[in-house]
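Notes follow the structure.
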Amino acid sequence: MPWVIAIMVALTVVAAAGGLALSNLVARASGDLAGSATVQIVDPVPETRAAQARAAQRILSRDPMVEAVEILPESEVEALLEPWLGTGASDEALPIPALLDLRLRADADDAALARLADALAEAAPDARIDAQSDWLAPVLSALSTLRWMALALIALLAFTGAAAVWLAARNAFGTNRDTIEIVHLLGGNDGQIARIFQRSILFDALIGGGIGLGLGLGAVALLGAQFAALDSALVTGGGLTVGDWLMLALVPLFAIAIAVYTARMTVLSSLRKML
Amino acid sequence: MSGPESEVVQFDNVGLRYGTDREILSNVSFTLFPGRFYFLTGASGAGKTSLLKLLYLSQRPSRGAIRMFGTDVITLSRDKLPAYRRRMGVVFQDFRLVDHLSAFDNVALPLRVSGVREADLAGPVNDMLEWVGLGQRADARPATLSGGEQQRVAIARAVIGRPDMLVADEPTGNVDPDMALKLIRLFEALNRLGTTVVVATHDVQLIRKVPDSLIMRLDKGQLSDPTGALRYPPRRIEAGK
């Protein structure tokens, strides 16, 4: 029984760590992108494009909704496109749009973006404004789904752990049935008999919980170190906080509580079949 | 539900059957009074053990009424039954000792169940083991004890808590005549202290050793006195007859 509980706790710790990391990642990415937008000016004539970009920057910087606006240098835009277009792509062959990085004081929702687009319509008719969160929306949605799956996995593990304890308690009850009947006939009440089983399961759960926590935290630390080595902004946003580690440390306590409660209910239910 | 405790036990038209088989006990009615010594006799298969099971609340009857210590125990909720079981000591025919406990711990079990502190256990348990001649075997497990020794541990366990009623199923079946007499004297001593004693046996010699005892006979599941004299109270039989 201790090893079953240890495995359940270790898997739950890993699943919980995954869920918490994904939560952090989604929250961080959503927060970072919530007030960000990109203005894209697509015009084949470089001079017109540059003029529209400057006009857009002037208009937007005066708008009370806008916290900051910056024209991305062409070199930076080229560097962004380099993985797709290669080096030395000429502007004549494929015009590169002018990009303005926009930071709003509030969330870049549809209404705000529509109002800014209206403001730019005259001075920069080729401008197109997109919320940056739109780009990552499918990724965030996938991460959010993964987070819910982690929660479902935790629930499933809790259920499986309880089922394992239920089977173990029933088996122990059957094995010790004679002793239980004696204690019962000597005037032992259900609570006294259930406490004997609870103590036994508690002992197993304490050992299993401790081992499982160690294994789980070790696995999480290892995974964390490997992801950190990727040096990706997206991944580092999913780091665990002190609070998260404390929550993971609570997993064995929940496992112990579930195990003891399940054992108690199983034994009480079996005892009720006796007079 | 509760009434004055003038009787220890009262059975009224009690019947017991398992499943759809014929009744093992039929129309059993009797009353046990405080401080009396009863023998329950009958041939093997007469229903003695079944009757004792009803007495020590291991089973509910199929029909009829049973009152114990002034309370209707048939309708009593099961969470209230342990308190009544603690007022009884039971010697089972097959001893039913707990295999993984020592003789000491087996005898101490009723006291522990009743919440007696560990510090207060050793004295009475060791005295009781000494009395049944097992003072030197306190640490022995049941598997290492002879049948007679196991029986004495079972008896010590049944009487350690000074029960209001002692129910014993063939309590001297595995011991030599001297020990049988000694155990019966122990039961009598308890009886003089006010414990109602019910001993199931078909050992006539044993019955004769307790001259003031009352006898109930079971025959094919029925108390054999057709006149109903057993009812209130059971028929008294002179010793030696």
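By convention in this document, the chains of the structure tokens carry letters A, B, ... by their order, each chain's residues are numbered from 1, and ligands are numbered from 1 in the order they are shown.
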
Pull the closest atom pair for each residue of chain B that gets at most 9 Å from chain A, along with the distance in Å to one decimal, counting only C-alpha atoms, ordering rows by chain and then ascending residue number, as JSON lines.
{"residue": "B:Tyr56", "atom": "CA", "partner": "A:Leu185", "partner_atom": "CA", "distance": 7.6}
{"residue": "B:Leu57", "atom": "CA", "partner": "A:Leu275", "partner_atom": "CA", "distance": 7.6}
{"residue": "B:Ser58", "atom": "CA", "partner": "A:Leu275", "partner_atom": "CA", "distance": 6.4}
{"residue": "B:Gln59", "atom": "CA", "partner": "A:Leu275", "partner_atom": "CA", "distance": 6.4}
{"residue": "B:Arg60", "atom": "CA", "partner": "A:Leu275", "partner_atom": "CA", "distance": 7.5}
{"residue": "B:Arg78", "atom": "CA", "partner": "A:Leu275", "partner_atom": "CA", "distance": 6.3}
{"residue": "B:Asp79", "atom": "CA", "partner": "A:Asn189", "partner_atom": "CA", "distance": 7.2}
{"residue": "B:Lys80", "atom": "CA", "partner": "A:Asn189", "partner_atom": "CA", "distance": 8.8}
{"residue": "B:Leu81", "atom": "CA", "partner": "A:Gly187", "partner_atom": "CA", "distance": 7.7}
{"residue": "B:Pro82", "atom": "CA", "partner": "A:Gly187", "partner_atom": "CA", "distance": 4.2}
{"residue": "B:Ala83", "atom": "CA", "partner": "A:Gly187", "partner_atom": "CA", "distance": 6.3}
{"residue": "B:Tyr84", "atom": "CA", "partner": "A:Gly187", "partner_atom": "CA", "distance": 7.4}
{"residue": "B:Arg85", "atom": "CA", "partner": "A:Gly187", "partner_atom": "CA", "distance": 4.8}
{"residue": "B:Arg86", "atom": "CA", "partner": "A:Gly187", "partner_atom": "CA", "distance": 4.7}
{"residue": "B:Arg87", "atom": "CA", "partner": "A:Gly187", "partner_atom": "CA", "distance": 8.3}
{"residue": "B:Met88", "atom": "CA", "partner": "A:Leu186", "partner_atom": "CA", "distance": 7.9}
{"residue": "B:Gly89", "atom": "CA", "partner": "A:Leu186", "partner_atom": "CA", "distance": 7.5}
{"residue": "B:Val90", "atom": "CA", "partner": "A:Leu186", "partner_atom": "CA", "distance": 7.9}
{"residue": "B:Arg96", "atom": "CA", "partner": "A:Ile182", "partner_atom": "CA", "distance": 7.0}
{"residue": "B:Leu97", "atom": "CA", "partner": "A:Ile182", "partner_atom": "CA", "distance": 7.8}
{"residue": "B:Val98", "atom": "CA", "partner": "A:Thr179", "partner_atom": "CA", "distance": 5.7}
{"residue": "B:Asp99", "atom": "CA", "partner": "A:Thr179", "partner_atom": "CA", "distance": 8.2}
{"residue": "B:Leu109", "atom": "CA", "partner": "A:Val183", "partner_atom": "CA", "distance": 7.6}
{"residue": "B:Pro110", "atom": "CA", "partner": "A:Leu186", "partner_atom": "CA", "distance": 5.8}
{"residue": "B:Val113", "atom": "CA", "partner": "A:Gly188", "partner_atom": "CA", "distance": 5.4}
{"residue": "B:Ser114", "atom": "CA", "partner": "A:Gly187", "partner_atom": "CA", "distance": 7.6}
{"residue": "B:Ala158", "atom": "CA", "partner": "A:Leu186", "partner_atom": "CA", "distance": 8.6}

Residues near range 149-155 of chain A, cut-off 9 Å, only C-alpha atoms, skip fewer than 3 positions along chain, as number ranges by chain: A: 11-13, 15-20, 144-146, 158-160

Write out as a ChimeraX atom specification the residues lying within 9 Å of range 187-193 of chain B, counting only C-alpha atoms and excluding same-chain residues fewer than 5 positions away. /B:35-37,159,162-163,165-166,182,210

Enumerate the residues of range 80-258 of chain A with a DSSP assignment of alpha helix (DSSP H), computed from the backbone, and present them as a count of residues only. 130

I'd like the contact shell of Ser30 in chain A - 10 Å cut-off, only C-alpha atoms, skipping same-chain residues fewer than 6 positions apart - returned as a list in words. Asn24, Gln132, Ser133, Leu136, Ala137 and Leu140 of chain A

Generate a file of the selected residues that holds C-alpha atoms, formatted as an mmCIF file, in the first residue's frame.
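Generated file (out_10.cif):
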data_model
loop_
_atom_site.group_PDB
_atom_site.id
_atom_site.type_symbol
_atom_site.label_atom_id
_atom_site.label_comp_id
_atom_site.auth_asym_id
_atom_site.auth_seq_id
_atom_site.Cartn_x
_atom_site.Cartn_y
_atom_site.Cartn_z
ATOM 1 C CA ASN A 24 1.489 30.761 -14.589
ATOM 2 C CA GLN A 132 -0.875 40.945 -30.038
ATOM 3 C CA SER A 133 -2.961 38.571 -27.990
ATOM 4 C CA LEU A 136 -1.053 33.846 -29.422
ATOM 5 C CA ALA A 137 -4.739 33.141 -28.836
ATOM 6 C CA LEU A 140 -3.024 30.249 -24.994
#

Find the residues near range 62-67 of chain A: any atom within 10 Å, counting only C-alpha atoms, skip ones fewer than 4 places away on the same chain, and give them as a PyMOL selection string. chain A and resi 35-36+57-58+102-108+112+116+119

Atom-to-atom span, CA of Leu16 in chain B and CA of Met216 in chain B, Å: 17.6 Å

Got a sec: who's within 9 Å of range 38-44 of chain B, counting only C-alpha atoms, leaving out chain neighbours fewer than 3 positions off, as a PDB file with N, CA and C atoms, in the first residue's frame?
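This is the output file part_39.pdb:
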ATOM      1  N   LEU B  32     -34.698 -14.635  32.202  1.00  0.00           N
ATOM      2  CA  LEU B  32     -33.529 -14.831  33.059  1.00  0.00           C
ATOM      3  C   LEU B  32     -33.509 -13.702  34.087  1.00  0.00           C
ATOM      4  N   GLY B  47     -30.060 -26.480  19.037  1.00  0.00           N
ATOM      5  CA  GLY B  47     -30.210 -25.031  18.886  1.00  0.00           C
ATOM      6  C   GLY B  47     -29.590 -24.233  20.025  1.00  0.00           C
ATOM      7  N   LYS B  48     -28.778 -24.893  20.834  1.00  0.00           N
ATOM      8  CA  LYS B  48     -28.183 -24.202  21.994  1.00  0.00           C
ATOM      9  C   LYS B  48     -27.322 -23.009  21.537  1.00  0.00           C
ATOM     10  N   THR B 196     -25.450 -12.850  36.326  1.00  0.00           N
ATOM     11  CA  THR B 196     -26.316 -13.921  35.832  1.00  0.00           C
ATOM     12  C   THR B 196     -25.468 -14.807  34.918  1.00  0.00           C
ATOM     13  N   VAL B 197     -25.512 -16.096  35.176  1.00  0.00           N
ATOM     14  CA  VAL B 197     -24.651 -17.002  34.401  1.00  0.00           C
ATOM     15  C   VAL B 197     -25.523 -17.951  33.573  1.00  0.00           C
ATOM     16  N   VAL B 198     -25.203 -18.060  32.307  1.00  0.00           N
ATOM     17  CA  VAL B 198     -25.887 -19.017  31.432  1.00  0.00           C
ATOM     18  C   VAL B 198     -24.822 -19.910  30.813  1.00  0.00           C
ATOM     19  N   VAL B 199     -24.873 -21.186  31.129  1.00  0.00           N
ATOM     20  CA  VAL B 199     -23.873 -22.126  30.608  1.00  0.00           C
ATOM     21  C   VAL B 199     -24.580 -23.169  29.747  1.00  0.00           C
ATOM     22  N   ALA B 200     -24.180 -23.238  28.496  1.00  0.00           N
ATOM     23  CA  ALA B 200     -24.715 -24.292  27.628  1.00  0.00           C
ATOM     24  C   ALA B 200     -23.818 -25.513  27.740  1.00  0.00           C
ATOM     25  N   THR B 201     -24.416 -26.632  28.068  1.00  0.00           N
ATOM     26  CA  THR B 201     -23.620 -27.861  28.206  1.00  0.00           C
ATOM     27  C   THR B 201     -24.524 -29.083  28.099  1.00  0.00           C
ATOM     28  N   HIS B 202     -23.924 -30.195  27.731  1.00  0.00           N
ATOM     29  CA  HIS B 202     -24.691 -31.421  27.878  1.00  0.00           C
ATOM     30  C   HIS B 202     -24.002 -32.352  28.868  1.00  0.00           C
ATOM     31  N   ASP B 203     -23.145 -31.752  29.704  1.00  0.00           N
ATOM     32  CA  ASP B 203     -22.417 -32.495  30.724  1.00  0.00           C
ATOM     33  C   ASP B 203     -23.241 -32.509  32.013  1.00  0.00           C
ATOM     34  N   VAL B 204     -23.917 -33.614  32.253  1.00  0.00           N
ATOM     35  CA  VAL B 204     -24.805 -33.723  33.415  1.00  0.00           C
ATOM     36  C   VAL B 204     -24.016 -33.594  34.716  1.00  0.00           C
ATOM     37  N   ILE B 207     -23.613 -30.065  35.618  1.00  0.00           N
ATOM     38  CA  ILE B 207     -24.847 -29.455  36.131  1.00  0.00           C
ATOM     39  C   ILE B 207     -25.031 -29.813  37.610  1.00  0.00           C
ATOM     40  N   ASP B 212     -27.766 -24.987  43.022  1.00  0.00           N
ATOM     41  CA  ASP B 212     -28.829 -23.980  42.947  1.00  0.00           C
ATOM     42  C   ASP B 212     -29.138 -23.533  41.531  1.00  0.00           C
ATOM     43  N   SER B 213     -28.649 -24.260  40.578  1.00  0.00           N
ATOM     44  CA  SER B 213     -28.832 -23.792  39.193  1.00  0.00           C
ATOM     45  C   SER B 213     -30.241 -24.078  38.684  1.00  0.00           C
ATOM     46  N   LEU B 214     -30.619 -23.356  37.654  1.00  0.00           N
ATOM     47  CA  LEU B 214     -31.896 -23.566  36.956  1.00  0.00           C
ATOM     48  C   LEU B 214     -31.573 -24.109  35.573  1.00  0.00           C
ATOM     49  N   ILE B 215     -32.454 -24.979  35.089  1.00  0.00           N
ATOM     50  CA  ILE B 215     -32.126 -25.663  33.839  1.00  0.00           C
ATOM     51  C   ILE B 215     -33.176 -25.376  32.768  1.00  0.00           C
ATOM     52  N   MET B 216     -32.667 -25.071  31.591  1.00  0.00           N
ATOM     53  CA  MET B 216     -33.536 -24.946  30.419  1.00  0.00           C
ATOM     54  C   MET B 216     -33.102 -26.038  29.447  1.00  0.00           C
ATOM     55  N   ARG B 217     -34.092 -26.741  28.905  1.00  0.00           N
ATOM     56  CA  ARG B 217     -33.748 -27.807  27.950  1.00  0.00           C
ATOM     57  C   ARG B 217     -34.254 -27.413  26.565  1.00  0.00           C
ATOM     58  N   LEU B 218     -33.408 -27.579  25.610  1.00  0.00           N
ATOM     59  CA  LEU B 218     -33.814 -27.321  24.224  1.00  0.00           C
ATOM     60  C   LEU B 218     -33.913 -28.652  23.494  1.00  0.00           C
ATOM     61  N   ASP B 219     -35.009 -28.797  22.758  1.00  0.00           N
ATOM     62  CA  ASP B 219     -35.167 -30.016  21.979  1.00  0.00           C
ATOM     63  C   ASP B 219     -35.704 -29.627  20.608  1.00  0.00           C
ATOM     64  N   LYS B 220     -34.893 -29.857  19.597  1.00  0.00           N
ATOM     65  CA  LYS B 220     -35.269 -29.515  18.220  1.00  0.00           C
ATOM     66  C   LYS B 220     -35.777 -28.075  18.121  1.00  0.00           C
ATOM     67  N   PRO B 234     -37.763 -19.945  34.515  1.00  0.00           N
ATOM     68  CA  PRO B 234     -37.453 -21.305  34.087  1.00  0.00           C
ATOM     69  C   PRO B 234     -37.601 -22.305  35.238  1.00  0.00           C
TER      70      PRO B 234
END

Could you pull out all residues of range 29-229 of chain B with a DSSP call of strand (DSSP E or B) and give them as a ChimeraX atom specification? /B:29-32,37-42,63-68,71-72,88-91,165-169,196-200,214-219,222-223

How would the residues just picked look written out with N, CA and C atoms as a CSV table (one decimal), in the first residue's frame?
chain,number,residue,atom,x,y,z
B,29,SER,N,-39.7,-18.9,24.6
B,29,SER,CA,-40.0,-17.9,25.6
B,29,SER,C,-39.4,-18.2,27.0
B,30,PHE,N,-38.7,-17.3,27.5
B,30,PHE,CA,-38.2,-17.5,28.9
B,30,PHE,C,-37.7,-16.2,29.5
B,31,THR,N,-37.4,-16.2,30.8
B,31,THR,CA,-36.9,-15.0,31.4
B,31,THR,C,-35.7,-15.4,32.3
B,32,LEU,N,-34.7,-14.6,32.2
B,32,LEU,CA,-33.5,-14.8,33.1
B,32,LEU,C,-33.5,-13.7,34.1
B,37,PHE,N,-28.2,-18.7,38.2
B,37,PHE,CA,-27.3,-19.5,37.5
B,37,PHE,C,-28.1,-20.5,36.6
B,38,TYR,N,-27.9,-20.4,35.3
B,38,TYR,CA,-28.7,-21.2,34.4
B,38,TYR,C,-27.9,-22.2,33.6
B,39,PHE,N,-28.4,-23.4,33.5
B,39,PHE,CA,-27.8,-24.3,32.5
B,39,PHE,C,-28.7,-24.4,31.3
B,40,LEU,N,-28.2,-24.4,30.1
B,40,LEU,CA,-29.0,-24.7,28.9
B,40,LEU,C,-28.5,-26.0,28.4
B,41,THR,N,-29.4,-27.0,28.4
B,41,THR,CA,-29.0,-28.3,27.9
B,41,THR,C,-29.8,-28.7,26.6
B,42,GLY,N,-29.3,-29.8,26.1
B,42,GLY,CA,-30.0,-30.3,24.9
B,42,GLY,C,-29.0,-31.0,24.0
B,63,ARG,N,-38.3,-13.7,14.4
B,63,ARG,CA,-39.6,-13.1,14.9
B,63,ARG,C,-39.5,-13.2,16.4
B,64,GLY,N,-40.5,-12.6,17.0
B,64,GLY,CA,-40.6,-12.5,18.5
B,64,GLY,C,-39.9,-11.3,19.1
B,65,ALA,N,-39.9,-11.3,20.4
B,65,ALA,CA,-39.4,-10.1,21.1
B,65,ALA,C,-38.3,-10.5,22.1
B,66,ILE,N,-37.3,-9.7,22.2
B,66,ILE,CA,-36.2,-9.9,23.2
B,66,ILE,C,-35.9,-8.6,23.9
B,67,ARG,N,-36.0,-8.7,25.2
B,67,ARG,CA,-35.7,-7.6,26.1
B,67,ARG,C,-34.4,-7.9,26.9
B,68,MET,N,-33.5,-7.0,27.0
B,68,MET,CA,-32.3,-7.2,27.8
B,68,MET,C,-32.1,-6.0,28.6
B,71,THR,N,-34.5,-3.4,28.2
B,71,THR,CA,-34.7,-2.7,26.9
B,71,THR,C,-35.0,-3.7,25.7
B,72,ASP,N,-35.9,-3.2,24.9
B,72,ASP,CA,-36.2,-4.0,23.7
B,72,ASP,C,-35.0,-3.9,22.7
B,88,MET,N,-22.0,-8.0,29.0
B,88,MET,CA,-21.9,-9.4,28.9
B,88,MET,C,-20.5,-10.0,28.7
B,89,GLY,N,-20.3,-11.2,29.3
B,89,GLY,CA,-19.1,-11.9,29.0
B,89,GLY,C,-19.5,-13.1,28.2
B,90,VAL,N,-18.7,-13.4,27.2
B,90,VAL,CA,-19.1,-14.6,26.4
B,90,VAL,C,-17.9,-15.5,26.2
B,91,VAL,N,-18.2,-16.8,26.5
B,91,VAL,CA,-17.1,-17.9,26.2
B,91,VAL,C,-17.7,-18.6,25.0
B,165,MET,N,-23.9,-10.3,32.9
B,165,MET,CA,-24.4,-11.6,32.4
B,165,MET,C,-23.2,-12.4,31.8
B,166,LEU,N,-23.0,-13.6,32.1
B,166,LEU,CA,-22.0,-14.4,31.5
B,166,LEU,C,-22.6,-15.5,30.7
B,167,VAL,N,-22.3,-15.6,29.4
B,167,VAL,CA,-22.8,-16.6,28.5
B,167,VAL,C,-21.7,-17.5,28.1
B,168,ALA,N,-21.8,-18.8,28.4
B,168,ALA,CA,-20.7,-19.7,28.1
B,168,ALA,C,-21.2,-20.9,27.3
B,169,ASP,N,-20.6,-21.2,26.2
B,169,ASP,CA,-21.0,-22.3,25.3
B,169,ASP,C,-20.0,-23.4,25.5
B,196,THR,N,-25.5,-12.8,36.3
B,196,THR,CA,-26.3,-13.9,35.8
B,196,THR,C,-25.5,-14.8,34.9
B,197,VAL,N,-25.5,-16.1,35.2
B,197,VAL,CA,-24.7,-17.0,34.4
B,197,VAL,C,-25.5,-18.0,33.6
B,198,VAL,N,-25.2,-18.1,32.3
B,198,VAL,CA,-25.9,-19.0,31.4
B,198,VAL,C,-24.8,-19.9,30.8
B,199,VAL,N,-24.9,-21.2,31.1
B,199,VAL,CA,-23.9,-22.1,30.6
B,199,VAL,C,-24.6,-23.2,29.7
B,200,ALA,N,-24.2,-23.2,28.5
B,200,ALA,CA,-24.7,-24.3,27.6
B,200,ALA,C,-23.8,-25.5,27.7
B,214,LEU,N,-30.6,-23.4,37.7
B,214,LEU,CA,-31.9,-23.6,37.0
B,214,LEU,C,-31.6,-24.1,35.6
B,215,ILE,N,-32.5,-25.0,35.1
B,215,ILE,CA,-32.1,-25.7,33.8
B,215,ILE,C,-33.2,-25.4,32.8
B,216,MET,N,-32.7,-25.1,31.6
B,216,MET,CA,-33.5,-24.9,30.4
B,216,MET,C,-33.1,-26.0,29.4
B,217,ARG,N,-34.1,-26.7,28.9
B,217,ARG,CA,-33.7,-27.8,27.9
B,217,ARG,C,-34.3,-27.4,26.6
B,218,LEU,N,-33.4,-27.6,25.6
B,218,LEU,CA,-33.8,-27.3,24.2
B,218,LEU,C,-33.9,-28.7,23.5
B,219,ASP,N,-35.0,-28.8,22.8
B,219,ASP,CA,-35.2,-30.0,22.0
B,219,ASP,C,-35.7,-29.6,20.6
B,222,GLN,N,-37.0,-26.1,20.4
B,222,GLN,CA,-38.0,-25.6,21.2
B,222,GLN,C,-37.7,-25.9,22.7
B,223,LEU,N,-38.0,-25.0,23.6
B,223,LEU,CA,-37.8,-25.2,25.0
B,223,LEU,C,-38.8,-26.3,25.4

Name the residues in contact with range 76-80 of chain A at a cut-off of 9 Å, using only C-alpha atoms, excluding same-chain residues fewer than 2 positions from it; report them as number ranges by chain. A: 72-74, 82-85, 87, 89, 96-99

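For the atom pair formed by CA of Glu118 in chain B and CA of Ile201 in chain A, the distance is 23.6 Å, given to one decimal.
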
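Using only C-alpha atoms, the shortest contact distance between Ala172 in chain A and any of A:Leu157, A:Arg28, A:Met1, A:Leu215 is found at A:Met1.
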
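Closest to Ala138 in chain B among B:Ala122, B:Ile160, B:Val14, B:Ile155 is B:Ala122, based on only C-alpha atoms.
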